[in-house]
Amino acid sequence: MKTNNAQPIGIFDSGIGGLTVASAIHQWMPQESLVYYGDTAHLPYGDKSKELIAEFALRITRFLLEEKKCKAIVIACNTASAAAYEPLRDQYKGIIPVINVIDPMIEAVIADTDIHRLGIIATKTTVASGVYQEKLSRRKPSLPYAALATPLLASMIEEGFYDNSVSHEVLKAYLGDPQLADIDALVLACTHYPLIKKEIDQYYGGRVKLFDSAQVVAQKLHHILNKEQMNHEGPAGQNEFFVSDYTLAFEEATRIFFKTSVKLQKMPL
Ligand code: DGL
């Protein structure tokens, strides 16, 4: 497909957590236009089957490409990256770049030679997919790791429970799990988790290095657009935000995830 550099970048997630990635992309490349799609009608993805998530992801990608004419797709969700990246990449190979949140994170972790034991926290589907475990074992077999499903965290954050007594207790229960004992680095393998990064850091008293997807993915996209000569030069881009189900609570929460309030448009697919 012949794309024009002024066309937008399509970004999607199960909900509004992927706005952490959109926000980092916007900061890195303010001249690019973004079209964000949050599949709030099907949230959370974390407890759904791989097949169903792949079906949702395909439908959203079609909307972003066919209706919104996006020039690249960013899967701003670990669960959807684990379940749907390969079918999407294969379907759009040679047509447009499709970027997931897992591979850039693996690159960042294996490049860090100071890590001796790594923890990974994510939704049930991401952990059960084994994708982080498989890639780490293959790329850096000498690095011991533990992957723990932390299913309450995404819904807890989406409901506005962070930085309060409820989130402190939930985090204490998860991070105190013996599987995560002795880690010196932790991958926050869910795009909602940057919102609780500060609390996690406080729990560990700064002793554990934290990796979150937003920054790593924005840098990776910047690199790919430059390499493919697809980056747009010019004045600030126009951003659009769609959700499959609208509630005022989602709209209010966008301010926290995207750093400024945005107008959500309802667009069921
Ligand atoms: N944002 C999704 C992720 O990165 C998790 C939320 C969900 O389960 O829908 O995995």
# chains A, B, ... in the order shown; residues from 1 in each chain; ligands from 1
$ residues_near_ligand --ligand "ligand 1" --cutoff "7 Å" --atoms "only C-alpha atoms and all ligand atoms" --output "ChimeraX atom specification"
/A:13-15,17-18,43-47,76-80,122-123,126,154,189-192
$ write_last_selection --atoms "N, CA and C atoms" --output "compact mmCIF listing (two decimals), in the first residue's frame"
# COMPACT_ATOMS: atom_id res chain seq x y z
N ASP A 13 -5.89 -0.67 21.99
CA ASP A 13 -5.79 -1.39 23.26
C ASP A 13 -7.18 -1.89 23.61
N SER A 14 -7.26 -2.73 24.62
CA SER A 14 -8.57 -3.20 25.09
C SER A 14 -9.37 -2.07 25.73
N GLY A 15 -8.68 -1.05 26.19
CA GLY A 15 -9.40 0.03 26.88
C GLY A 15 -8.61 1.32 26.78
N GLY A 17 -5.93 1.99 28.84
CA GLY A 17 -4.57 1.81 29.34
C GLY A 17 -3.52 2.09 28.27
N GLY A 18 -3.84 1.75 27.02
CA GLY A 18 -2.90 1.97 25.91
C GLY A 18 -2.65 3.44 25.65
N LEU A 43 -13.51 -5.04 27.16
CA LEU A 43 -12.54 -4.99 28.25
C LEU A 43 -12.98 -5.91 29.40
N PRO A 44 -12.14 -6.60 30.12
CA PRO A 44 -10.71 -6.72 29.87
C PRO A 44 -10.40 -7.86 28.89
N TYR A 45 -9.31 -7.69 28.15
CA TYR A 45 -8.86 -8.77 27.25
C TYR A 45 -8.17 -9.87 28.07
N GLY A 46 -7.66 -9.47 29.24
CA GLY A 46 -6.76 -10.34 30.01
C GLY A 46 -7.33 -11.69 30.41
N ASP A 47 -8.67 -11.84 30.38
CA ASP A 47 -9.21 -13.16 30.74
C ASP A 47 -9.97 -13.79 29.57
N ALA A 76 -1.05 -1.47 21.33
CA ALA A 76 -0.62 -0.87 22.61
C ALA A 76 -1.17 -1.66 23.79
N CYS A 77 -1.08 -2.97 23.71
CA CYS A 77 -1.64 -3.84 24.73
C CYS A 77 -0.83 -5.12 24.71
N ASN A 78 -0.32 -5.52 25.87
CA ASN A 78 0.47 -6.74 25.92
C ASN A 78 -0.37 -7.97 25.62
N THR A 79 -1.61 -7.97 26.15
CA THR A 79 -2.48 -9.13 25.96
C THR A 79 -2.77 -9.32 24.48
N ALA A 80 -3.11 -8.23 23.78
CA ALA A 80 -3.39 -8.33 22.35
C ALA A 80 -2.11 -8.61 21.56
N ALA A 122 1.83 -9.40 34.56
CA ALA A 122 0.96 -9.17 33.40
C ALA A 122 -0.40 -9.79 33.67
N THR A 123 -1.28 -9.68 32.68
CA THR A 123 -2.61 -10.31 32.80
C THR A 123 -2.46 -11.83 32.66
N THR A 126 -1.62 -12.92 28.98
CA THR A 126 -0.23 -12.67 28.59
C THR A 126 0.69 -13.72 29.22
N ALA A 154 -5.30 -4.52 36.23
CA ALA A 154 -5.82 -3.68 35.14
C ALA A 154 -7.20 -3.15 35.47
N ALA A 189 4.38 -5.67 32.32
CA ALA A 189 3.97 -6.15 31.00
C ALA A 189 2.48 -5.97 30.75
N CYS A 190 2.01 -4.81 31.06
CA CYS A 190 0.62 -4.44 30.78
C CYS A 190 0.62 -2.92 30.66
N THR A 191 -0.06 -2.43 29.62
CA THR A 191 0.05 -0.98 29.36
C THR A 191 -0.72 -0.13 30.39
N HIS A 192 -1.45 -0.79 31.28
CA HIS A 192 -2.08 -0.02 32.38
C HIS A 192 -1.08 0.30 33.50
$ residues_around --residues "region 156-173 of chain A" --least-positions-apart "2" --cutoff "9 Å" --atoms "only C-alpha atoms" --output "compact mmCIF listing (two decimals) with N, CA and C atoms, in the first residue's frame"
# COMPACT_ATOMS: atom_id res chain seq x y z
N GLY A 15 -8.68 -1.05 26.19
CA GLY A 15 -9.40 0.03 26.88
C GLY A 15 -8.61 1.32 26.78
N ILE A 16 -8.47 1.99 27.91
CA ILE A 16 -7.76 3.27 27.84
C ILE A 16 -6.33 3.17 28.37
N GLY A 17 -5.93 1.99 28.84
CA GLY A 17 -4.57 1.81 29.34
C GLY A 17 -3.52 2.09 28.27
N THR A 150 -1.16 -11.09 37.35
CA THR A 150 -1.67 -10.16 38.36
C THR A 150 -3.02 -9.60 37.86
N LEU A 152 -5.93 -8.72 38.88
CA LEU A 152 -6.76 -7.64 39.44
C LEU A 152 -6.28 -6.25 39.04
N LEU A 153 -5.00 -6.14 38.67
CA LEU A 153 -4.43 -4.79 38.53
C LEU A 153 -5.06 -3.94 37.43
N ALA A 154 -5.30 -4.52 36.23
CA ALA A 154 -5.82 -3.68 35.14
C ALA A 154 -7.20 -3.15 35.47
N LEU A 175 3.10 -8.51 44.87
CA LEU A 175 4.56 -8.37 44.81
C LEU A 175 5.25 -9.18 45.91
N GLY A 176 4.46 -9.54 46.94
CA GLY A 176 5.02 -10.36 48.03
C GLY A 176 5.05 -11.84 47.66
N ASP A 177 4.56 -12.18 46.49
CA ASP A 177 4.56 -13.59 46.07
C ASP A 177 6.00 -14.14 46.04
N HIS A 192 -1.45 -0.79 31.28
CA HIS A 192 -2.08 -0.02 32.38
C HIS A 192 -1.08 0.30 33.50
N TYR A 193 -0.06 -0.52 33.61
CA TYR A 193 0.77 -0.46 34.81
C TYR A 193 1.65 0.78 35.00
N LEU A 195 0.67 3.51 35.39
CA LEU A 195 -0.08 4.30 36.38
C LEU A 195 0.22 3.89 37.82
N ILE A 196 0.75 2.68 38.02
CA ILE A 196 1.07 2.26 39.38
C ILE A 196 2.59 2.06 39.56
N LYS A 198 4.88 4.22 40.24
CA LYS A 198 5.42 4.92 41.42
C LYS A 198 5.18 4.09 42.69
N GLU A 199 3.98 3.52 42.79
CA GLU A 199 3.65 2.71 43.97
C GLU A 199 4.51 1.46 44.03
N ILE A 200 4.76 0.86 42.85
CA ILE A 200 5.59 -0.36 42.81
C ILE A 200 7.01 0.01 43.24
N TYR A 203 7.09 0.34 46.89
CA TYR A 203 7.05 -0.97 47.54
C TYR A 203 8.47 -1.55 47.63
N ALA A 249 -16.95 7.84 32.83
CA ALA A 249 -15.79 7.44 33.64
C ALA A 249 -14.57 7.19 32.74
N PHE A 250 -14.79 6.58 31.55
CA PHE A 250 -13.67 6.36 30.63
C PHE A 250 -13.10 7.71 30.21
N ALA A 253 -11.12 9.34 32.85
CA ALA A 253 -9.84 8.67 33.11
C ALA A 253 -8.79 8.96 32.04
$ select_by_dssp --residues "region 125-196 of chain A" --states "strand (DSSP E)" --output "PyMOL selection string"
chain A and resi 145-149+185-188
$ write_last_selection --atoms "C-alpha atoms" --output "PDB file, in the first residue's frame"
ATOM      1  CA  TYR A 145      13.013 -15.008  35.481  1.00  0.00           C
ATOM      2  CA  ALA A 146       9.561 -15.483  36.997  1.00  0.00           C
ATOM      3  CA  ALA A 147       6.292 -14.482  35.333  1.00  0.00           C
ATOM      4  CA  LEU A 148       3.334 -13.810  37.625  1.00  0.00           C
ATOM      5  CA  ALA A 149      -0.262 -13.194  36.544  1.00  0.00           C
ATOM      6  CA  ALA A 185      14.279  -5.873  37.712  1.00  0.00           C
ATOM      7  CA  LEU A 186      10.570  -6.059  36.933  1.00  0.00           C
ATOM      8  CA  VAL A 187       8.796  -5.788  33.571  1.00  0.00           C
ATOM      9  CA  LEU A 188       5.414  -4.087  33.860  1.00  0.00           C
TER      10      LEU A 188
END
$ residues_around --residues "Gln7 (chain A)" --least-positions-apart "5" --cutoff "10 Å" --atoms "only C-alpha atoms" --output "JSON, numbers by chain"
{"A": [32, 33, 34, 35, 68, 69, 70, 71, 72, 230, 231, 232, 237]}
$ write_last_selection --atoms "N, CA, C and O atoms" --output "PDB file, in the first residue's frame"
ATOM      1  N   GLU A  32       3.144  13.958  14.415  1.00  0.00           N
ATOM      2  CA  GLU A  32       2.373  12.850  13.842  1.00  0.00           C
ATOM      3  C   GLU A  32       0.918  12.920  14.326  1.00  0.00           C
ATOM      4  O   GLU A  32       0.652  13.255  15.478  1.00  0.00           O
ATOM      5  N   SER A  33      -0.022  12.571  13.457  1.00  0.00           N
ATOM      6  CA  SER A  33      -1.426  12.458  13.864  1.00  0.00           C
ATOM      7  C   SER A  33      -1.663  11.041  14.380  1.00  0.00           C
ATOM      8  O   SER A  33      -1.109  10.086  13.833  1.00  0.00           O
ATOM      9  N   LEU A  34      -2.497  10.923  15.412  1.00  0.00           N
ATOM     10  CA  LEU A  34      -2.771   9.608  15.996  1.00  0.00           C
ATOM     11  C   LEU A  34      -4.261   9.297  15.930  1.00  0.00           C
ATOM     12  O   LEU A  34      -5.090  10.197  16.098  1.00  0.00           O
ATOM     13  N   VAL A  35      -4.578   8.021  15.674  1.00  0.00           N
ATOM     14  CA  VAL A  35      -5.966   7.567  15.838  1.00  0.00           C
ATOM     15  C   VAL A  35      -5.905   6.437  16.858  1.00  0.00           C
ATOM     16  O   VAL A  35      -5.257   5.408  16.624  1.00  0.00           O
ATOM     17  N   LYS A  68      -9.674   4.853   8.581  1.00  0.00           N
ATOM     18  CA  LYS A  68      -8.857   5.965   9.077  1.00  0.00           C
ATOM     19  C   LYS A  68      -7.545   6.127   8.316  1.00  0.00           C
ATOM     20  O   LYS A  68      -6.786   7.057   8.585  1.00  0.00           O
ATOM     21  N   LYS A  69      -7.282   5.222   7.387  1.00  0.00           N
ATOM     22  CA  LYS A  69      -6.115   5.321   6.501  1.00  0.00           C
ATOM     23  C   LYS A  69      -4.788   5.451   7.260  1.00  0.00           C
ATOM     24  O   LYS A  69      -3.944   6.300   6.921  1.00  0.00           O
ATOM     25  N   CYS A  70      -4.637   4.653   8.301  1.00  0.00           N
ATOM     26  CA  CYS A  70      -3.400   4.754   9.090  1.00  0.00           C
ATOM     27  C   CYS A  70      -2.215   4.191   8.311  1.00  0.00           C
ATOM     28  O   CYS A  70      -2.362   3.286   7.488  1.00  0.00           O
ATOM     29  N   LYS A  71      -1.023   4.728   8.596  1.00  0.00           N
ATOM     30  CA  LYS A  71       0.183   4.290   7.874  1.00  0.00           C
ATOM     31  C   LYS A  71       0.986   3.252   8.664  1.00  0.00           C
ATOM     32  O   LYS A  71       1.915   2.643   8.131  1.00  0.00           O
ATOM     33  N   ALA A  72       0.642   3.087   9.957  1.00  0.00           N
ATOM     34  CA  ALA A  72       1.319   2.080  10.794  1.00  0.00           C
ATOM     35  C   ALA A  72       0.365   1.730  11.923  1.00  0.00           C
ATOM     36  O   ALA A  72      -0.485   2.544  12.300  1.00  0.00           O
ATOM     37  N   MET A 230       9.080   7.205   6.722  1.00  0.00           N
ATOM     38  CA  MET A 230       7.628   7.387   6.798  1.00  0.00           C
ATOM     39  C   MET A 230       7.264   8.472   7.799  1.00  0.00           C
ATOM     40  O   MET A 230       6.091   8.670   8.105  1.00  0.00           O
ATOM     41  N   ASN A 231       8.277   9.126   8.379  1.00  0.00           N
ATOM     42  CA  ASN A 231       7.957  10.124   9.410  1.00  0.00           C
ATOM     43  C   ASN A 231       7.441  11.421   8.787  1.00  0.00           C
ATOM     44  O   ASN A 231       7.870  11.820   7.710  1.00  0.00           O
ATOM     45  N   HIS A 232       6.531  12.036   9.487  1.00  0.00           N
ATOM     46  CA  HIS A 232       5.889  13.247   8.973  1.00  0.00           C
ATOM     47  C   HIS A 232       6.571  14.479   9.568  1.00  0.00           C
ATOM     48  O   HIS A 232       6.821  14.552  10.761  1.00  0.00           O
ATOM     49  N   GLY A 237       0.297  17.311  14.873  1.00  0.00           N
ATOM     50  CA  GLY A 237      -0.725  16.449  14.263  1.00  0.00           C
ATOM     51  C   GLY A 237      -2.081  16.601  14.935  1.00  0.00           C
ATOM     52  O   GLY A 237      -2.219  17.228  15.982  1.00  0.00           O
TER      53      GLY A 237
END
$ residues_around --residues "region 51-62 of chain A" --least-positions-apart "5" --cutoff "10 Å" --atoms "only C-alpha atoms" --output "VMD selection string"
chain A and resid 10 to 14 37 to 39 42 45 to 46 67 to 70 72 to 75 79 to 88 91 to 92 98 125 244 268 to 269
$ select_by_dssp --residues "region 62-146 of chain A" --states "alpha helix (DSSP H)" --output "PyMOL selection string"
chain A and resi 62+78-92+102-110+124-129+131-139
$ write_last_selection --atoms "C-alpha atoms" --output "mmCIF file, in the first residue's frame"
data_model
loop_
_atom_site.group_PDB
_atom_site.id
_atom_site.type_symbol
_atom_site.label_atom_id
_atom_site.label_comp_id
_atom_site.auth_asym_id
_atom_site.auth_seq_id
_atom_site.Cartn_x
_atom_site.Cartn_y
_atom_site.Cartn_z
ATOM 1 C CA ARG A 62 -9.325 -3.030 9.511
ATOM 2 C CA ASN A 78 0.475 -6.744 25.923
ATOM 3 C CA THR A 79 -2.478 -9.130 25.962
ATOM 4 C CA ALA A 80 -3.392 -8.328 22.347
ATOM 5 C CA SER A 81 0.289 -8.395 21.336
ATOM 6 C CA ALA A 82 0.592 -11.894 22.815
ATOM 7 C CA ALA A 83 -2.622 -13.110 21.186
ATOM 8 C CA ALA A 84 -2.763 -11.289 17.851
ATOM 9 C CA TYR A 85 0.614 -9.906 16.745
ATOM 10 C CA GLU A 86 1.614 -12.811 14.513
ATOM 11 C CA PRO A 87 -1.655 -13.057 12.514
ATOM 12 C CA LEU A 88 -1.675 -9.255 12.050
ATOM 13 C CA ARG A 89 1.997 -9.098 11.045
ATOM 14 C CA ASP A 90 1.506 -11.920 8.526
ATOM 15 C CA GLN A 91 -1.643 -10.403 7.065
ATOM 16 C CA TYR A 92 -0.094 -6.937 6.584
ATOM 17 C CA ILE A 102 6.519 -7.166 23.642
ATOM 18 C CA ASP A 103 9.499 -7.351 21.238
ATOM 19 C CA PRO A 104 10.864 -3.839 21.985
ATOM 20 C CA MET A 105 10.642 -4.683 25.705
ATOM 21 C CA ILE A 106 12.548 -7.950 25.252
ATOM 22 C CA GLU A 107 15.248 -5.994 23.370
ATOM 23 C CA ALA A 108 15.509 -3.455 26.214
ATOM 24 C CA VAL A 109 15.746 -6.151 28.896
ATOM 25 C CA ILE A 110 18.340 -8.324 27.183
ATOM 26 C CA LYS A 124 -3.550 -13.995 32.864
ATOM 27 C CA THR A 125 -3.666 -14.252 29.058
ATOM 28 C CA THR A 126 -0.226 -12.672 28.588
ATOM 29 C CA VAL A 127 1.365 -14.960 31.192
ATOM 30 C CA ALA A 128 -0.454 -18.054 29.909
ATOM 31 C CA SER A 129 0.607 -17.294 26.318
ATOM 32 C CA VAL A 131 5.402 -15.307 24.929
ATOM 33 C CA TYR A 132 7.734 -13.352 27.263
ATOM 34 C CA GLN A 133 9.052 -16.587 28.760
ATOM 35 C CA GLU A 134 9.710 -18.154 25.354
ATOM 36 C CA LYS A 135 11.456 -15.073 23.921
ATOM 37 C CA LEU A 136 13.602 -14.563 27.036
ATOM 38 C CA SER A 137 14.642 -18.206 27.253
ATOM 39 C CA ARG A 138 15.597 -18.156 23.584
ATOM 40 C CA ARG A 139 17.354 -14.771 23.506
#
$ atom_distance --atom1 "CA of Lys220 (chain A)" --atom2 "CA of Ile121 (chain A)"
21.7 Å
$ closest_residue --among "A:Val243, A:Val101, A:Ile9, A:Leu225" --to "Met267 (chain A)" --atoms "only C-alpha atoms"
A:Val243
$ atom_distance --atom1 "CA of Phe63 (chain A)" --atom2 "CA of Glu228 (chain A)"
23.1 Å
